[in-house]
$ cat final_15.csv   # CSV, C-alpha atoms
chain,number,residue,atom,x,y,z
L,16,MET,CA,35.7,65.1,63.1
L,17,ASP,CA,37.3,68.3,64.4
L,18,GLU,CA,34.9,71.2,64.6
L,19,LEU,CA,37.1,73.5,62.6
L,20,VAL,CA,37.4,70.9,59.8
L,21,GLN,CA,33.6,70.5,59.7
L,22,LYS,CA,33.2,74.3,59.5
L,23,TYR,CA,35.6,74.4,56.6
L,24,LEU,CA,33.9,71.6,54.7
L,25,LYS,CA,30.5,73.3,55.1
L,26,TRP,CA,32.0,76.6,54.0
L,27,ASN,CA,33.7,75.0,51.0
L,28,MET,CA,30.4,73.3,49.9
L,29,ARG,CA,28.5,76.6,50.0
L,30,ASN,CA,31.4,78.4,48.2
L,31,THR,CA,31.5,75.7,45.5
L,32,LEU,CA,27.8,75.9,44.9
L,33,GLY,CA,27.9,79.7,44.7
L,34,LYS,CA,30.7,79.5,42.1
L,35,MET,CA,28.8,77.0,40.0
L,36,LYS,CA,25.8,79.3,39.8
L,37,ARG,CA,28.0,82.3,38.9
L,38,ASN,CA,29.9,80.3,36.3
L,39,ASN,CA,26.6,79.3,34.6
L,40,LYS,CA,26.2,83.0,33.6
L,41,LYS,CA,27.8,83.2,30.2
L,42,GLY,CA,30.1,86.1,29.3
L,43,THR,CA,30.9,87.0,32.9
L,44,ARG,CA,34.4,88.0,33.7
L,45,MET,CA,36.3,86.2,36.5
L,46,GLU,CA,35.1,87.4,39.9
L,47,GLY,CA,38.1,88.7,41.9
L,48,THR,CA,41.6,87.6,40.8
L,49,VAL,CA,43.1,84.2,40.3
L,50,PHE,CA,44.3,84.4,43.9
L,51,THR,CA,40.8,84.9,45.4
L,52,PRO,CA,40.0,81.2,46.0
L,53,SER,CA,43.3,80.7,47.8
L,54,LEU,CA,42.9,83.8,49.9
L,55,GLU,CA,39.4,82.6,50.9
L,56,THR,CA,40.6,79.1,51.8
L,57,ILE,CA,43.8,80.0,53.6
L,58,ASN,CA,41.9,81.4,56.7
L,59,TYR,CA,40.9,77.8,57.5
L,60,VAL,CA,44.3,76.1,57.1
L,61,LYS,CA,45.4,76.2,60.8
L,62,SER,CA,43.8,74.4,63.7
L,63,GLU,CA,43.2,76.2,67.0
L,64,GLU,CA,46.5,74.7,68.2
L,65,GLY,CA,48.3,76.2,65.2
L,66,GLU,CA,48.8,72.9,63.3
L,67,ILE,CA,48.3,72.8,59.5
L,68,LEU,CA,45.0,71.0,58.5
L,69,THR,CA,45.5,68.7,55.6
L,70,ARG,CA,42.4,69.3,53.6
L,71,PRO,CA,42.4,73.1,53.6
L,72,PHE,CA,46.1,73.2,52.9
L,73,LEU,CA,45.8,71.0,49.9
L,74,ASP,CA,42.8,73.1,48.6
L,75,VAL,CA,45.0,76.2,48.9
L,76,CYS,CA,47.6,74.4,46.8
L,77,LYS,CA,45.0,73.2,44.3
L,78,ASN,CA,43.8,76.8,43.9
L,79,THR,CA,47.3,77.7,42.6
L,80,LEU,CA,46.8,75.5,39.5
L,81,PRO,CA,44.8,78.1,37.5
L,82,ALA,CA,47.6,80.6,38.1
L,83,ILE,CA,50.2,78.0,36.9
L,84,ASP,CA,48.0,77.4,33.8
L,85,ASN,CA,48.5,81.0,32.8
L,86,PHE,CA,52.2,80.4,32.4
L,87,GLY,CA,51.5,77.9,29.6
L,88,SER,CA,54.2,75.4,28.6
L,89,ALA,CA,56.8,77.3,30.6
L,90,MET,CA,55.3,75.9,33.8
L,91,SER,CA,54.1,72.5,32.7
L,92,PHE,CA,56.7,70.7,34.9
L,93,VAL,CA,55.6,72.7,37.9
L,94,LYS,CA,51.9,72.0,37.3
L,95,SER,CA,52.6,68.3,36.9
L,96,ASP,CA,54.6,68.2,40.1
L,97,VAL,CA,52.1,70.2,42.1
L,98,GLY,CA,49.1,68.2,40.9
L,99,GLY,CA,50.8,64.8,41.4
L,100,ASN,CA,51.9,65.6,44.9
L,101,ILE,CA,48.5,67.0,45.9
L,102,SER,CA,46.8,63.8,44.6
L,103,ARG,CA,49.2,61.6,46.6
L,104,LEU,CA,48.6,63.5,49.8
L,105,GLU,CA,44.8,63.7,49.2
L,106,SER,CA,44.6,59.9,48.7
L,107,LYS,CA,46.3,59.4,52.1
L,108,TYR,CA,44.0,61.9,53.7
L,109,LEU,CA,40.8,60.4,52.3
L,110,SER,CA,41.9,56.9,53.5
L,111,ASN,CA,41.2,58.2,57.0
L,112,PRO,CA,40.2,61.8,57.3
L,113,THR,CA,40.0,61.7,61.1
L,114,GLU,CA,43.4,60.2,61.6
L,115,PHE,CA,45.1,62.3,58.9
L,116,LYS,CA,43.3,65.6,59.5
L,117,LEU,CA,46.7,67.2,60.3
L,118,LEU,CA,49.7,67.2,57.8
L,119,ARG,CA,51.9,66.3,60.8
L,120,SER,CA,50.0,63.1,61.4
L,121,ILE,CA,50.7,61.9,57.9
L,122,ILE,CA,54.4,62.5,58.2
L,123,GLU,CA,54.6,61.0,61.7
L,124,GLU,CA,52.8,57.8,60.5
L,125,GLU,CA,55.3,57.3,57.7
L,126,VAL,CA,58.3,58.0,60.0
L,127,ASP,CA,57.0,55.5,62.5
L,128,SER,CA,56.6,52.9,59.7
L,129,LYS,CA,60.0,53.8,58.2
L,130,THR,CA,58.5,54.6,54.8
L,131,ALA,CA,59.0,58.4,54.8
L,132,LYS,CA,62.1,58.1,52.6
L,133,GLN,CA,60.5,56.0,49.9
L,134,SER,CA,60.1,57.8,46.6
L,135,SER,CA,56.3,57.2,46.7
L,136,SER,CA,55.8,58.4,50.2
L,137,CYS,CA,53.6,61.3,51.2
L,138,THR,CA,56.5,62.8,53.1
L,139,ILE,CA,58.4,63.2,49.8
L,140,ALA,CA,55.2,64.5,48.2
L,141,LEU,CA,54.8,67.2,50.9
L,142,LEU,CA,58.5,68.1,50.5
L,143,TRP,CA,58.3,68.8,46.8
L,144,LEU,CA,54.8,70.4,47.0
L,145,THR,CA,56.2,72.8,49.6
L,146,ARG,CA,59.2,73.6,47.4
L,147,SER,CA,57.0,74.1,44.3
L,148,ILE,CA,54.8,76.6,46.2
L,149,ASP,CA,58.0,78.2,47.5
L,150,PHE,CA,59.0,78.8,43.9
L,151,LEU,CA,55.6,80.3,43.0
L,152,VAL,CA,55.6,82.6,46.0
L,153,GLN,CA,59.1,83.9,45.1
L,154,LEU,CA,58.0,84.3,41.5
L,155,PHE,CA,55.0,86.4,42.6
L,156,ARG,CA,57.2,88.5,44.8
L,157,ASN,CA,59.5,89.1,41.9
L,158,LEU,CA,56.6,90.3,39.8
L,159,LEU,CA,55.6,92.7,42.6
L,160,GLU,CA,59.1,94.0,43.4
L,161,HIS,CA,60.5,94.2,39.9
L,162,PRO,CA,57.8,95.6,37.5
L,163,GLU,CA,60.6,96.2,34.9
L,164,TRP,CA,61.6,92.5,34.8
L,165,SER,CA,60.5,90.2,31.9
L,166,MET,CA,58.5,87.1,32.9
L,167,SER,CA,61.5,84.9,31.9
L,168,ARG,CA,63.8,86.8,34.2
L,169,ALA,CA,61.3,86.7,37.1
L,170,CYS,CA,61.0,82.9,36.7
L,171,ALA,CA,64.7,82.3,36.4
L,172,ASP,CA,65.5,84.3,39.5
L,173,SER,CA,62.8,82.5,41.5
L,174,TYR,CA,64.1,79.1,40.3
L,175,THR,CA,67.7,80.0,41.4
L,176,LYS,CA,66.5,81.0,44.8
L,177,THR,CA,64.2,78.0,45.5
L,178,LEU,CA,64.3,74.8,43.4
L,179,LYS,CA,67.7,74.9,41.6
L,180,ARG,CA,69.7,73.8,44.7
L,181,TYR,CA,67.7,70.6,44.9
L,182,HIS,CA,67.8,69.6,41.2
L,183,GLY,CA,70.2,67.6,39.1
L,184,LEU,CA,71.8,68.8,35.9
L,185,LEU,CA,69.0,67.3,33.7
L,186,ALA,CA,66.3,69.1,35.6
L,187,ILE,CA,68.2,72.4,35.6
L,188,SER,CA,68.7,72.1,31.8
L,189,SER,CA,65.1,71.3,31.2
L,190,PHE,CA,64.0,74.4,33.2
L,191,GLY,CA,66.3,76.5,31.1
L,192,VAL,CA,64.6,75.4,28.0
L,193,ALA,CA,61.1,75.7,29.4
L,194,ILE,CA,61.6,79.3,30.7
L,195,LYS,CA,62.1,80.5,27.1
L,196,LEU,CA,58.4,79.7,26.7
L,197,ALA,CA,57.3,82.1,29.4
L,198,PRO,CA,54.3,84.3,28.4
L,199,ASP,CA,54.3,88.0,27.8
L,200,ARG,CA,54.1,89.7,31.2
L,201,LYS,CA,51.4,92.2,30.2
L,202,LYS,CA,49.0,89.6,28.8
L,203,PHE,CA,49.7,87.3,31.8
L,204,THR,CA,48.7,90.0,34.4
L,205,GLU,CA,45.6,90.9,32.4
L,206,VAL,CA,44.4,87.3,32.5
L,207,MET,CA,45.3,86.8,36.2
L,208,GLY,CA,43.6,90.1,37.3
L,209,GLY,CA,40.0,89.4,36.5
L,210,ARG,CA,37.9,92.1,38.2
L,211,GLY,CA,40.1,92.4,41.3
L,212,ASP,CA,43.2,94.1,42.4
L,213,LEU,CA,45.9,91.7,41.2
L,214,ASN,CA,48.9,93.2,43.0
L,215,SER,CA,47.1,93.5,46.2
L,216,ASP,CA,45.9,89.9,46.1
L,217,MET,CA,49.3,88.7,45.0
L,218,GLU,CA,50.9,90.4,48.0
L,219,LYS,CA,48.3,89.0,50.4
L,220,PHE,CA,48.8,85.5,49.0
L,221,CYS,CA,52.6,85.7,49.5
L,222,LYS,CA,52.3,87.1,53.0
L,223,ALA,CA,49.7,84.5,54.1
L,224,CYS,CA,51.4,81.5,52.4
L,225,SER,CA,55.0,82.0,53.5
L,226,PRO,CA,54.4,81.1,57.2
L,227,LEU,CA,52.6,77.9,56.2
L,228,LEU,CA,55.5,76.9,54.0
L,229,GLU,CA,58.0,77.7,56.7
L,230,GLN,CA,56.0,75.5,59.1
L,231,ASN,CA,56.2,72.7,56.6
L,232,HIS,CA,59.9,73.1,56.3
L,233,LYS,CA,60.4,72.9,60.1
L,234,LEU,CA,58.2,69.8,60.2
L,235,LEU,CA,60.2,68.1,57.4
L,236,ALA,CA,63.5,69.2,59.0
L,237,SER,CA,62.5,67.7,62.3
L,238,VAL,CA,62.4,64.3,60.6
L,239,GLY,CA,65.6,64.8,58.6
L,240,MET,CA,63.9,65.3,55.2
L,241,ASP,CA,64.1,69.0,54.4
L,242,ASN,CA,67.5,68.9,52.6
L,243,LEU,CA,66.8,65.9,50.4
L,244,LYS,CA,67.7,66.4,46.7
L,245,SER,CA,66.2,64.8,43.6
$ encode --input "final_15.csv" --output "structure tokens"
Amino acid sequence: MDELVQKYLKWNMRNTLGKMKRNNKKGTRMEGTVFTPSLETINYVKSEEGEILTRPFLDVCKNTLPAIDNFGSAMSFVKSDVGGNISRLESKYLSNPTEFKLLRSIIEEEVDSKTAKQSSSCTIALLWLTRSIDFLVQLFRNLLEHPEWSMSRACADSYTKTLKRYHGLLAISSFGVAIKLAPDRKKFTEVMGGRGDLNSDMEKFCKACSPLLEQNHKLLASVGMDNLKS
């Protein structure tokens, strides 16, 4: 197994054990912000050659799920989509961690076997996972850049700029209904912040995540999959 992957797995194990010990202390407030786990993991996402490593990337995406939880019912469709696509890619990775240590290797294997365009493919899973994280990054940018906006407005703007162009009328209508359930912005930020600097971590997350998403889009475009609609 690649040395960098081994290093990441060892770090991840130590980090997980440390969190378990801290979580056993009752009444303790969240250490850092909801973005802290992603920011810690994102340093391990790229190989020495600049390729995206499958396991660390999926872990970064997994670490967004607690943030999505704080949106409540308004983001239930996003959480379901993110979680399902992570599971599909993770199953593929675990079938042969050495062969599929890079995201690129998963896509290339499906392109070679002519299965990339199948609805159950990992290529489709990566496409929609990347788009969902695009949506979240844009949403967090909206919260940073427009402190006067309501949560509903921030979500609607992000949806228009990212996911809407790929959705059919039914999905667009469903989102319009869900967004009405968006939480109060003040309560949302209080829960997300924990004991850290929420705005600073949010900005760091957006800045670190954007190049990874762009790299995924380029990979998907290279095999003719980036413009696929639902």
$ closest_residue --input "final_15.csv" --among "L:Thr51, L:Lys132, L:Cys170, L:Tyr181" --to "Gly239 of chain L" --atoms "all atoms listed in the file"
L:Lys132
$ closest_atom_pairs --input "final_15.csv" --of "segment 137-185 of chain L" --to "segment 107-126 of chain L" --cutoff "10 Å" --atoms "only C-alpha atoms" --output "JSON lines"
{"residue": "L:Cys137", "atom": "CA", "partner": "L:Ile122", "partner_atom": "CA", "distance": 7.1}
{"residue": "L:Thr138", "atom": "CA", "partner": "L:Ile122", "partner_atom": "CA", "distance": 5.5}
{"residue": "L:Ile139", "atom": "CA", "partner": "L:Ile122", "partner_atom": "CA", "distance": 9.3}
{"residue": "L:Leu141", "atom": "CA", "partner": "L:Leu118", "partner_atom": "CA", "distance": 8.6}
$ closest_residue --input "final_15.csv" --among "L:Cys224, L:Ala89, L:Val192, L:Ala169" --to "Ile57 of chain L" --atoms "all atoms listed in the file"
L:Cys224
$ closest_residue --input "final_15.csv" --among "L:Ile101, L:Leu158, L:Met90, L:Leu243" --to "Ala197 of chain L" --atoms "only C-alpha atoms"
L:Met90
$ atom_distance --input "final_15.csv" --atom1 "atom CA of Thr56 of chain L" --atom2 "atom CA of Asn157 of chain L"
23.6 Å
$ closest_residue --input "final_15.csv" --among "L:Ser189, L:Phe220, L:Ser102, L:Ile67" --to "Leu159 of chain L" --atoms "only C-alpha atoms"
L:Phe220
$ closest_residue --input "final_15.csv" --among "L:Pro71, L:Ser128, L:Val49, L:Asp199" --to "Asp84 of chain L" --atoms "all atoms listed in the file"
L:Val49
$ residues_around --input "final_15.csv" --residues "Lys77 of chain L" --least-positions-apart "4" --cutoff "9 Å" --atoms "only C-alpha atoms" --output "PyMOL selection string"
chain L and resi 53+72-73+81+97-98+101
$ atom_distance --input "final_15.csv" --atom1 "atom CA of Thr48 of chain L" --atom2 "atom CA of Thr175 of chain L"
27.2 Å
$ closest_residue --input "final_15.csv" --among "L:Met166, L:Ala171, L:Ala186, L:Ala236" --to "Asn85 of chain L" --atoms "only C-alpha atoms"
L:Met166
$ atom_distance --input "final_15.csv" --atom1 "atom CA of Tyr59 of chain L" --atom2 "atom CA of Tyr23 of chain L"
6.4 Å
$ residues_near_point --input "final_15.csv" --point "(68.3, 65.6, 47.0)" --cutoff "9 Å" --atoms "all atoms listed in the file" --output "list in words"
Arg180, Tyr181, His182, Gly183, Asn242, Leu243, Lys244 and Ser245 of chain L
